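S.K.: Okay, so here is structure-v3.pdb, and as you'll see once you scroll down, it has PDB, C-alpha atoms.
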```pdb
ATOM      1  CA  MET A   1       0.000   0.000   0.000
ATOM      2  CA  LYS A   2       1.302   3.381  -0.927
ATOM      3  CA  SER A   3       2.251   5.316   2.166
ATOM      4  CA  LYS A   4       0.572   8.590   2.936
ATOM      5  CA  ALA A   5       2.337  11.785   1.918
ATOM      6  CA  LEU A   6       2.102  13.067   5.480
ATOM      7  CA  LYS A   7       2.930  11.046   8.563
ATOM      8  CA  ARG A   8       3.362  11.945  12.165
ATOM      9  CA  GLN A   9       6.728  11.402  13.794
ATOM     10  CA  LEU A  10       7.346  11.218  17.496
ATOM     11  CA  LEU A  11      10.249  12.882  19.228
ATOM     12  CA  ALA A  12      10.839  12.221  22.919
ATOM     13  CA  ALA A  13      13.164  14.026  25.311
ATOM     14  CA  VAL A  14      13.774  12.601  28.764
ATOM     15  CA  ALA A  15      15.202  14.654  31.607
ATOM     16  CA  MET A  16      16.431  12.880  34.716
ATOM     17  CA  VAL A  17      16.337  15.334  37.599
ATOM     18  CA  LEU A  18      17.671  14.299  40.984
ATOM     19  CA  VAL A  19      16.603  16.871  43.534
ATOM     20  CA  ALA A  20      17.652  17.207  47.160
ATOM     21  CA  ALA A  21      16.459  19.780  49.687
ATOM     22  CA  VAL A  22      19.503  20.865  51.698
ATOM     23  CA  ALA A  23      19.217  21.398  55.473
ATOM     24  CA  LEU A  24      20.784  24.595  56.761
ATOM     25  CA  GLY A  25      20.360  24.377  60.510
ATOM     26  CA  SER A  26      17.677  26.823  61.603
ATOM     27  CA  SER A  27      17.474  28.547  58.228
ATOM     28  CA  THR A  28      14.097  28.745  56.521
ATOM     29  CA  TYR A  29      13.392  26.992  53.256
ATOM     30  CA  ALA A  30      10.858  29.436  51.888
ATOM     31  CA  TRP A  31      11.779  29.995  48.273
ATOM     32  CA  PHE A  32      12.468  33.704  48.531
ATOM     33  CA  VAL A  33      14.968  33.389  51.386
ATOM     34  CA  GLN A  34      18.494  34.093  50.162
ATOM     35  CA  SER A  35      19.831  30.849  51.659
ATOM     36  CA  SER A  36      17.149  28.749  49.986
ATOM     37  CA  LYS A  37      18.317  26.416  47.269
ATOM     38  CA  VAL A  38      17.592  23.126  45.580
ATOM     39  CA  THR A  39      20.346  20.740  44.553
ATOM     40  CA  ALA A  40      20.034  19.087  41.158
ATOM     41  CA  ASN A  41      22.488  16.227  40.915
ATOM     42  CA  GLY A  42      23.692  15.517  37.400
ATOM     43  CA  MET A  43      20.560  16.379  35.441
ATOM     44  CA  ASN A  44      20.633  14.379  32.211
ATOM     45  CA  VAL A  45      18.517  14.997  29.147
ATOM     46  CA  GLN A  46      18.131  12.385  26.451
ATOM     47  CA  ALA A  47      16.181  12.815  23.242
ATOM     48  CA  THR A  48      15.141  10.324  20.583
ATOM     49  CA  ALA A  49      13.678  10.722  17.113
ATOM     50  CA  GLU A  50      12.099   8.499  14.479
ATOM     51  CA  GLY A  51      11.652   8.480  10.740
ATOM     52  CA  GLY A  52      11.997  11.787   8.954
ATOM     53  CA  ILE A  53      13.276  13.706  11.992
ATOM     54  CA  GLU A  54      16.856  13.685  13.226
ATOM     55  CA  ILE A  55      18.227  15.113  16.434
ATOM     56  CA  SER A  56      21.595  16.131  17.818
ATOM     57  CA  ASN A  57      22.853  17.734  21.005
ATOM     58  CA  SER A  58      24.620  21.078  21.135
ATOM     59  CA  GLU A  59      27.760  19.632  19.534
ATOM     60  CA  LYS A  60      25.876  18.857  16.323
ATOM     61  CA  THR A  61      28.563  16.381  15.300
ATOM     62  CA  THR A  62      26.420  13.253  15.396
ATOM     63  CA  TRP A  63      22.891  13.034  14.012
ATOM     64  CA  GLY A  64      20.559  10.128  14.460
ATOM     65  CA  THR A  65      17.636   8.716  16.388
ATOM     66  CA  SER A  66      18.915   9.817  19.791
ATOM     67  CA  ALA A  67      21.018  12.473  21.473
ATOM     68  CA  ALA A  68      21.875  13.266  25.073
ATOM     69  CA  THR A  69      23.359  15.988  27.243
ATOM     70  CA  THR A  70      24.661  15.805  30.800
ATOM     71  CA  ASN A  71      24.882  18.649  33.287
ATOM     72  CA  SER A  72      27.230  18.693  36.238
ATOM     73  CA  LYS A  73      25.900  18.754  39.794
ATOM     74  CA  ALA A  74      24.452  22.167  40.538
ATOM     75  CA  VAL A  75      22.768  24.087  43.344
ATOM     76  CA  LEU A  76      19.714  25.825  41.931
ATOM     77  CA  TYR A  77      18.208  28.848  43.672
ATOM     78  CA  PRO A  78      14.489  29.556  43.114
ATOM     79  CA  THR A  79      13.639  32.240  40.582
ATOM     80  CA  SER A  80      10.823  33.660  38.451
ATOM     81  CA  THR A  81      10.496  34.578  34.789
ATOM     82  CA  SER A  82       7.826  35.165  32.184
ATOM     83  CA  ASP A  83       9.984  35.181  29.055
ATOM     84  CA  LEU A  84      13.330  33.434  29.837
ATOM     85  CA  THR A  85      14.991  36.824  29.346
ATOM     86  CA  LYS A  86      14.293  38.628  32.623
ATOM     87  CA  TRP A  87      14.807  36.599  35.803
ATOM     88  CA  TYR A  88      13.911  37.687  39.349
ATOM     89  CA  HIS A  89      14.500  36.739  42.976
ATOM     90  CA  ALA A  90      13.266  38.015  46.347
ATOM     91  CA  GLN A  91      13.056  37.157  50.042
ATOM     92  CA  ALA A  92      10.157  35.463  51.762
ATOM     93  CA  ASP A  93       7.729  37.350  53.953
ATOM     94  CA  LYS A  94       7.620  34.345  56.318
ATOM     95  CA  SER A  95       8.723  30.727  56.221
ATOM     96  CA  VAL A  96       5.227  29.248  55.865
ATOM     97  CA  ALA A  97       4.376  31.318  52.795
ATOM     98  CA  HIS A  98       5.785  31.887  49.339
ATOM     99  CA  ASN A  99       4.877  35.587  49.260
ATOM    100  CA  ALA A 100       7.699  38.111  48.981
ATOM    101  CA  LYS A 101       8.606  40.671  51.584
ATOM    102  CA  ALA A 102       8.098  44.259  50.431
ATOM    103  CA  GLY A 103      11.145  45.834  48.853
ATOM    104  CA  THR A 104      13.092  42.609  48.339
ATOM    105  CA  TYR A 105      12.477  41.864  44.662
ATOM    106  CA  THR A 106      15.672  42.031  42.621
ATOM    107  CA  THR A 107      16.524  41.590  38.955
ATOM    108  CA  LEU A 108      19.128  38.905  38.343
ATOM    109  CA  THR A 109      22.013  39.258  35.916
ATOM    110  CA  LEU A 110      22.539  35.724  34.615
ATOM    111  CA  ASP A 111      24.894  34.251  32.068
ATOM    112  CA  GLY A 112      23.948  31.574  29.538
ATOM    113  CA  THR A 113      24.132  28.818  32.145
ATOM    114  CA  GLY A 114      21.734  30.526  34.544
ATOM    115  CA  THR A 115      24.509  31.635  36.896
ATOM    116  CA  ASP A 116      24.433  35.082  38.502
ATOM    117  CA  THR A 117      27.477  37.054  37.412
ATOM    118  CA  THR A 118      27.790  38.708  40.826
ATOM    119  CA  SER A 119      26.941  36.028  43.390
ATOM    120  CA  SER A 120      27.849  32.954  41.282
ATOM    121  CA  ARG A 121      24.560  31.343  42.322
ATOM    122  CA  GLN A 122      22.885  29.242  39.658
ATOM    123  CA  TYR A 123      19.161  29.657  39.000
ATOM    124  CA  TYR A 124      18.466  27.338  36.062
ATOM    125  CA  GLN A 125      19.976  24.622  33.929
ATOM    126  CA  VAL A 126      19.576  24.604  30.164
ATOM    127  CA  ASN A 127      19.997  21.845  27.594
ATOM    128  CA  GLU A 128      20.276  22.418  23.859
ATOM    129  CA  PHE A 129      19.218  20.162  21.012
ATOM    130  CA  THR A 130      18.741  20.677  17.303
ATOM    131  CA  ILE A 131      15.880  19.069  15.405
ATOM    132  CA  ARG A 132      16.092  18.768  11.660
ATOM    133  CA  ALA A 133      14.320  16.998   8.827
ATOM    134  CA  THR A 134      16.218  14.289   7.023
ATOM    135  CA  ALA A 135      17.446  14.981   3.496
ATOM    136  CA  GLY A 136      14.639  15.406   1.019
ATOM    137  CA  THR A 137      11.917  15.994   3.630
ATOM    138  CA  THR A 138      10.349  18.925   5.447
ATOM    139  CA  ALA A 139       8.822  18.811   8.932
ATOM    140  CA  THR A 140       5.843  21.027   9.673
ATOM    141  CA  ASP A 141       3.460  21.414  12.604
ATOM    142  CA  LEU A 142       6.168  20.744  15.184
ATOM    143  CA  LYS A 143       4.336  20.448  18.482
ATOM    144  CA  ILE A 144       5.009  19.653  22.120
ATOM    145  CA  ASP A 145       2.701  16.738  22.841
ATOM    146  CA  LYS A 146       3.266  16.080  26.524
ATOM    147  CA  VAL A 147       5.527  16.998  29.442
ATOM    148  CA  THR A 148       5.330  14.708  32.445
ATOM    149  CA  ALA A 149       7.203  14.257  35.723
ATOM    150  CA  SER A 150       7.426  11.074  37.770
ATOM    151  CA  GLY A 151       9.614   9.276  40.291
ATOM    152  CA  GLN A 152       9.054  11.387  43.408
ATOM    153  CA  ALA A 153      10.235   9.431  46.440
ATOM    154  CA  ASP A 154       9.044  11.637  49.313
ATOM    155  CA  THR A 155       5.702  13.122  50.190
ATOM    156  CA  THR A 156       6.732  16.743  49.818
ATOM    157  CA  ALA A 157       4.997  19.236  47.559
ATOM    158  CA  LEU A 158       8.236  21.067  46.776
ATOM    159  CA  ASP A 159       8.536  19.339  43.405
ATOM    160  CA  LYS A 160       5.343  21.063  42.258
ATOM    161  CA  SER A 161       7.373  24.228  41.744
ATOM    162  CA  LEU A 162       9.519  22.482  39.109
ATOM    163  CA  ARG A 163       9.204  24.233  35.771
ATOM    164  CA  VAL A 164      10.249  23.079  32.314
ATOM    165  CA  ALA A 165      10.376  25.877  29.754
ATOM    166  CA  ILE A 166      10.914  25.000  26.100
ATOM    167  CA  LYS A 167      11.983  27.496  23.462
ATOM    168  CA  ILE A 168      12.064  26.303  19.860
ATOM    169  CA  GLY A 169      13.836  28.597  17.413
ATOM    170  CA  ASP A 170      12.457  32.135  17.511
ATOM    171  CA  ALA A 171       9.065  31.075  18.873
ATOM    172  CA  ASN A 172       7.888  32.311  22.256
ATOM    173  CA  PRO A 173       8.825  29.993  25.132
ATOM    174  CA  VAL A 174       6.260  27.523  26.401
ATOM    175  CA  PHE A 175       6.086  26.817  30.145
ATOM    176  CA  PHE A 176       5.095  23.561  31.803
ATOM    177  CA  SER A 177       4.325  22.488  35.373
ATOM    178  CA  PRO A 178       4.926  18.750  34.938
ATOM    179  CA  ALA A 179       4.608  17.907  38.644
ATOM    180  CA  SER A 180       1.079  19.368  38.901
ATOM    181  CA  GLY A 181       2.161  22.781  40.157
ATOM    182  CA  ASP A 182       0.372  26.082  39.563
ATOM    183  CA  THR A 183      -0.679  26.656  35.968
ATOM    184  CA  SER A 184      -1.636  30.300  36.466
ATOM    185  CA  TYR A 185       0.369  32.801  38.507
ATOM    186  CA  SER A 186       2.069  36.208  38.245
ATOM    187  CA  VAL A 187       5.709  37.254  38.361
ATOM    188  CA  TRP A 188       7.375  40.571  39.044
ATOM    189  CA  SER A 189       7.247  43.303  36.400
ATOM    190  CA  GLY A 190      10.462  45.005  37.538
ATOM    191  CA  THR A 191       8.804  47.740  39.600
ATOM    192  CA  GLY A 192       6.839  47.857  42.826
ATOM    193  CA  ASP A 193       6.385  45.034  45.327
ATOM    194  CA  THR A 194       3.576  43.055  43.721
ATOM    195  CA  PRO A 195       3.975  40.428  40.977
ATOM    196  CA  THR A 196       1.678  41.582  38.153
ATOM    197  CA  VAL A 197       2.863  39.821  34.966
ATOM    198  CA  ALA A 198       0.536  36.894  34.317
ATOM    199  CA  VAL A 199       2.112  33.569  33.320
ATOM    200  CA  THR A 200       0.325  30.508  31.982
ATOM    201  CA  SER A 201       2.114  27.243  32.653
ATOM    202  CA  ASN A 202       0.637  24.247  30.856
ATOM    203  CA  ASP A 203      -0.186  21.159  32.868
ATOM    204  CA  GLY A 204       1.869  19.070  30.470
ATOM    205  CA  GLN A 205      -0.947  16.734  29.459
ATOM    206  CA  SER A 206      -2.285  18.721  26.519
ATOM    207  CA  GLN A 207      -0.613  19.244  23.141
ATOM    208  CA  VAL A 208       0.852  22.715  22.688
ATOM    209  CA  ASP A 209       1.685  24.379  19.378
ATOM    210  CA  PRO A 210       4.651  26.740  19.905
ATOM    211  CA  SER A 211       4.061  28.304  16.457
ATOM    212  CA  VAL A 212       7.239  27.059  14.828
ATOM    213  CA  ALA A 213       7.809  27.493  11.111
ATOM    214  CA  SER A 214       8.621  24.435   9.011
ATOM    215  CA  VAL A 215      11.825  22.611   9.893
ATOM    216  CA  ASP A 216      14.201  21.798   7.040
ATOM    217  CA  SER A 217      17.506  19.933   6.859
ATOM    218  CA  THR A 218      19.304  22.912   8.449
ATOM    219  CA  GLY A 219      17.430  22.335  11.676
ATOM    220  CA  VAL A 220      15.936  24.381  14.503
ATOM    221  CA  LEU A 221      17.464  24.974  17.940
ATOM    222  CA  VAL A 222      15.526  23.649  20.947
ATOM    223  CA  LYS A 223      16.418  24.956  24.415
ATOM    224  CA  VAL A 224      15.042  23.169  27.473
ATOM    225  CA  TYR A 225      15.219  25.191  30.715
ATOM    226  CA  VAL A 226      14.700  23.505  34.105
ATOM    227  CA  TYR A 227      14.235  25.676  37.193
ATOM    228  CA  TYR A 228      12.152  26.157  40.343
ATOM    229  CA  GLU A 229       9.406  28.775  40.191
ATOM    230  CA  GLY A 230       9.378  30.825  43.365
ATOM    231  CA  GLU A 231       5.854  32.094  42.763
ATOM    232  CA  ASP A 232       4.392  28.590  42.875
ATOM    233  CA  THR A 233       2.269  28.383  46.023
ATOM    234  CA  GLN A 234       3.834  25.073  47.054
ATOM    235  CA  HIS A 235       7.414  26.373  47.169
ATOM    236  CA  LYS A 236       7.531  27.267  50.833
ATOM    237  CA  SER A 237       9.191  26.117  54.056
ATOM    238  CA  GLU A 238       6.362  24.004  55.411
ATOM    239  CA  ASN A 239       6.737  21.635  52.464
ATOM    240  CA  VAL A 240      10.353  20.874  53.297
ATOM    241  CA  THR A 241      11.743  19.208  56.417
ATOM    242  CA  ALA A 242      15.351  18.503  57.341
ATOM    243  CA  GLY A 243      16.583  15.496  55.423
ATOM    244  CA  THR A 244      13.680  15.409  53.004
ATOM    245  CA  THR A 245      14.736  14.583  49.468
ATOM    246  CA  ILE A 246      13.128  14.216  46.072
ATOM    247  CA  ASP A 247      14.910  11.388  44.297
ATOM    248  CA  ASN A 248      14.967  10.192  40.723
ATOM    249  CA  MET A 249      12.442  12.623  39.316
ATOM    250  CA  THR A 250      11.996  12.001  35.597
ATOM    251  CA  VAL A 251      10.741  14.650  33.199
ATOM    252  CA  GLN A 252       9.715  13.375  29.792
ATOM    253  CA  ILE A 253       9.010  15.677  26.865
ATOM    254  CA  ASP A 254       7.261  14.354  23.756
ATOM    255  CA  PHE A 255       7.350  16.275  20.480
ATOM    256  CA  SER A 256       5.683  15.456  17.183
ATOM    257  CA  ALA A 257       5.754  16.762  13.642
ATOM    258  CA  THR A 258       4.201  16.145  10.258
ATOM    259  CA  VAL A 259       6.882  15.101   7.759
ATOM    260  CA  SER A 260       6.531  15.211   4.004
TER
END
```
Using structure tokens, write down the structure that the file contains.
M.R.:
Amino acid sequence: MKSKALKRQLLAAVAMVLVAAVALGSSTYAWFVQSSKVTANGMNVQATAEGGIEISNSEKTTWGTSAATTNSKAVLYPTSTSDLTKWYHAQADKSVAHNAKAGTYTTLTLDGTGTDTTSSRQYYQVNEFTIRATAGTTATDLKIDKVTASGQADTTALDKSLRVAIKIGDANPVFFSPASGDTSYSVWSGTGDTPTVAVTSNDGQSQVDPSVASVDSTGVLVKVYVYYEGEDTQHKSENVTAGTTIDNMTVQIDFSATVS
């Protein structure tokens, strides 16, 4: 039987995130507190592709059905963003809440790895892939099908503040709350003491079209940001106890495209 001119291809990216909440004596764990941090141990991202789509990591030396990146152990401090360009931090009003204390919001100056150029604190990790169509084909309707998180070992709600932000080419970034965190919240605008910039974070179970133009054999850059959203209502001290850890959390990202 003659195959159809258009066929859907599945692209899966898997992020292994090992997260540990670090005890600091009597210090609070509320996300805004300057001493608050989350340790991500060796976050690995692996991606696979089938059929008319090929994928490579940032090196772009090997193309095929799979690619992987590995990040070194990092301490991630909670942050907020609405566009992956401007990143913010603040201090908590009290340890049992995620709300910020008046006058404590600050704009972060981060390099390409999410590290503050002044304090050397890291606020996000980013992985880069390139998706391209194989020779003689064109991929259209590139979509993010699903973003899921699993593998939580402890009964803490801290993982709900995990965010996965995906930016494909020049398209606007798409935010996901794969551990069932807040899907609607506001972040700081850069002035005043109240977060007023609305952010929609998808639940990860519904297909999202990031409005990407067709992908040819040259390829399109895909950046996957992993961070902890301070404005999520579950990122507060009462959800973390000394010694509590979140082990072996897996984030899986499924893409699809129509290839002709």
S.K.: For the provided coordinates, the residues matched by the PyMOL selection byres ((chain A and resi 144) around 7) should be stated as an MDAnalysis selection string.
M.R.: chainID A and resid 143 145:146 207:209 254:256
S.K.: Could you check the closest approach to Trp188 of chain A for each of A:Val215, A:Ala133, A:Ala157, A:Ala100 and tell me which residue wins, using only C-alpha atoms?
M.R.: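 Among the listed residues, the smallest separation from Trp188 of chain A belongs to A:Ala100.
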S.K.: How many Å lie between atom CA of Gly136 of chain A and atom CA of Thr62 of chain A, rounded to one decimal?
M.R.: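 Taking atom CA of Gly136 of chain A as the start and atom CA of Thr62 of chain A as the end point, the length is 18.7 Å.
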S.K.: At a cut-off of 10 Å, using all atoms listed in the file, what residues contact Asn99 of chain A? Leave out same-chain residues fewer than 2 positions from it and give the result as a VMD selection string.
M.R.: chain A and resid 30 to 32 90 to 97 101 to 102 194 to 195 230 to 233 235 to 236
S.K.: Find the spatial neighbours of Val197 of chain A, counting all atoms listed in the file, within a cut-off of 7 Å - ignore same-chain residues fewer than 3 positions away - and output them as a list in words.
M.R.: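 The neighbour list is Ser186, Val187, Trp188 and Ser189 of chain A.
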S.K.: Identify the residues within 7 Å of coordinate (2.7, 32.4, 29.8) (same frame as the file), considering all atoms listed in the file, and give the answer as a list in words.
M.R.: Ser82, Val174, Phe175, Ala198, Val199, Thr200 and Ser201 of chain A
S.K.: Please write the residues picked by the PyMOL selection byres ((chain A and resi 134) around 8) on this file as a list in words.
M.R.: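 For this structure, the PyMOL selection byres ((chain A and resi 134) around 8) captures Gly52, Ile53, Glu54, Arg132, Ala133, Ala135, Gly136, Thr137, Thr138, Asp216 and Ser217 of chain A.
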S.K.: Using all atoms listed in the file, find the one residue out of A:Thr104, A:Thr183, A:Thr118, A:Gln125 that sits nearest to Val75 of chain A.
M.R.: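 Smallest distance to Val75 of chain A is found for A:Gln125.
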S.K.: Report the distance between atom CA of Ile131 of chain A and atom CA of Leu221 of chain A in Å, rounded to one decimal place.
M.R.: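 Computing the Euclidean distance for atom CA of Ile131 of chain A and atom CA of Leu221 of chain A yields 6.6 Å.
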S.K.: Record the distance separating atom CA of Asp83 of chain A and atom CA of Asn172 of chain A, expressed in Å with one decimal.
M.R.: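 Value for the atom CA of Asp83 of chain A-atom CA of Asn172 of chain A distance: 7.7 Å.
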S.K.: I'd like the contact shell of segment 113-116 of chain A - 10 Å cut-off, only C-alpha atoms, skipping same-chain residues fewer than 2 positions apart - returned as a ChimeraX atom specification.
M.R.: /A:76-77,87,108-111,118-127,225-227
S.K.: Could the residues in this selection be saved with C-alpha atoms as a PDB file, keeping the file's coordinate frame?
M.R.:
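As written to disk, part_26.pdb reads:
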```pdb
ATOM      1  CA  LEU A  76      19.714  25.825  41.931  1.00  0.00           C
ATOM      2  CA  TYR A  77      18.208  28.848  43.672  1.00  0.00           C
ATOM      3  CA  TRP A  87      14.807  36.599  35.803  1.00  0.00           C
ATOM      4  CA  LEU A 108      19.128  38.905  38.343  1.00  0.00           C
ATOM      5  CA  THR A 109      22.013  39.258  35.916  1.00  0.00           C
ATOM      6  CA  LEU A 110      22.539  35.724  34.615  1.00  0.00           C
ATOM      7  CA  ASP A 111      24.894  34.251  32.068  1.00  0.00           C
ATOM      8  CA  THR A 118      27.790  38.708  40.826  1.00  0.00           C
ATOM      9  CA  SER A 119      26.941  36.028  43.390  1.00  0.00           C
ATOM     10  CA  SER A 120      27.849  32.954  41.282  1.00  0.00           C
ATOM     11  CA  ARG A 121      24.560  31.343  42.322  1.00  0.00           C
ATOM     12  CA  GLN A 122      22.885  29.242  39.658  1.00  0.00           C
ATOM     13  CA  TYR A 123      19.161  29.657  39.000  1.00  0.00           C
ATOM     14  CA  TYR A 124      18.466  27.338  36.062  1.00  0.00           C
ATOM     15  CA  GLN A 125      19.976  24.622  33.929  1.00  0.00           C
ATOM     16  CA  VAL A 126      19.576  24.604  30.164  1.00  0.00           C
ATOM     17  CA  ASN A 127      19.997  21.845  27.594  1.00  0.00           C
ATOM     18  CA  TYR A 225      15.219  25.191  30.715  1.00  0.00           C
ATOM     19  CA  VAL A 226      14.700  23.505  34.105  1.00  0.00           C
ATOM     20  CA  TYR A 227      14.235  25.676  37.193  1.00  0.00           C
TER      21      TYR A 227
END
```
S.K.: When you count only C-alpha atoms, which of these residues is closest to Phe176 of chain A: A:Ala213, A:Val224, A:Val259, A:Leu158?
M.R.: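 Under the stated criterion, the closest residue is A:Val224.
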S.K.: Name the residues that the PyMOL selection byres ((chain A and resi 178) around 10) picks from the file above, as an MDAnalysis selection string, using the file's chain letters and numbers.
M.R.: chainID A and resid 146:150 159:164 175:177 179:183 201:205 250:253
S.K.: Store the residues of this selection in a file with C-alpha atoms, as an mmCIF file, in the coordinates of the input.
M.R.:
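New file again.cif:
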```
data_model
loop_
_atom_site.group_PDB
_atom_site.id
_atom_site.type_symbol
_atom_site.label_atom_id
_atom_site.label_comp_id
_atom_site.auth_asym_id
_atom_site.auth_seq_id
_atom_site.Cartn_x
_atom_site.Cartn_y
_atom_site.Cartn_z
ATOM 1 C CA LYS A 146 3.266 16.080 26.524
ATOM 2 C CA VAL A 147 5.527 16.998 29.442
ATOM 3 C CA THR A 148 5.330 14.708 32.445
ATOM 4 C CA ALA A 149 7.203 14.257 35.723
ATOM 5 C CA SER A 150 7.426 11.074 37.770
ATOM 6 C CA ASP A 159 8.536 19.339 43.405
ATOM 7 C CA LYS A 160 5.343 21.063 42.258
ATOM 8 C CA SER A 161 7.373 24.228 41.744
ATOM 9 C CA LEU A 162 9.519 22.482 39.109
ATOM 10 C CA ARG A 163 9.204 24.233 35.771
ATOM 11 C CA VAL A 164 10.249 23.079 32.314
ATOM 12 C CA PHE A 175 6.086 26.817 30.145
ATOM 13 C CA PHE A 176 5.095 23.561 31.803
ATOM 14 C CA SER A 177 4.325 22.488 35.373
ATOM 15 C CA ALA A 179 4.608 17.907 38.644
ATOM 16 C CA SER A 180 1.079 19.368 38.901
ATOM 17 C CA GLY A 181 2.161 22.781 40.157
ATOM 18 C CA ASP A 182 0.372 26.082 39.563
ATOM 19 C CA THR A 183 -0.679 26.656 35.968
ATOM 20 C CA SER A 201 2.114 27.243 32.653
ATOM 21 C CA ASN A 202 0.637 24.247 30.856
ATOM 22 C CA ASP A 203 -0.186 21.159 32.868
ATOM 23 C CA GLY A 204 1.869 19.070 30.470
ATOM 24 C CA GLN A 205 -0.947 16.734 29.459
ATOM 25 C CA THR A 250 11.996 12.001 35.597
ATOM 26 C CA VAL A 251 10.741 14.650 33.199
ATOM 27 C CA GLN A 252 9.715 13.375 29.792
ATOM 28 C CA ILE A 253 9.010 15.677 26.865
#
```
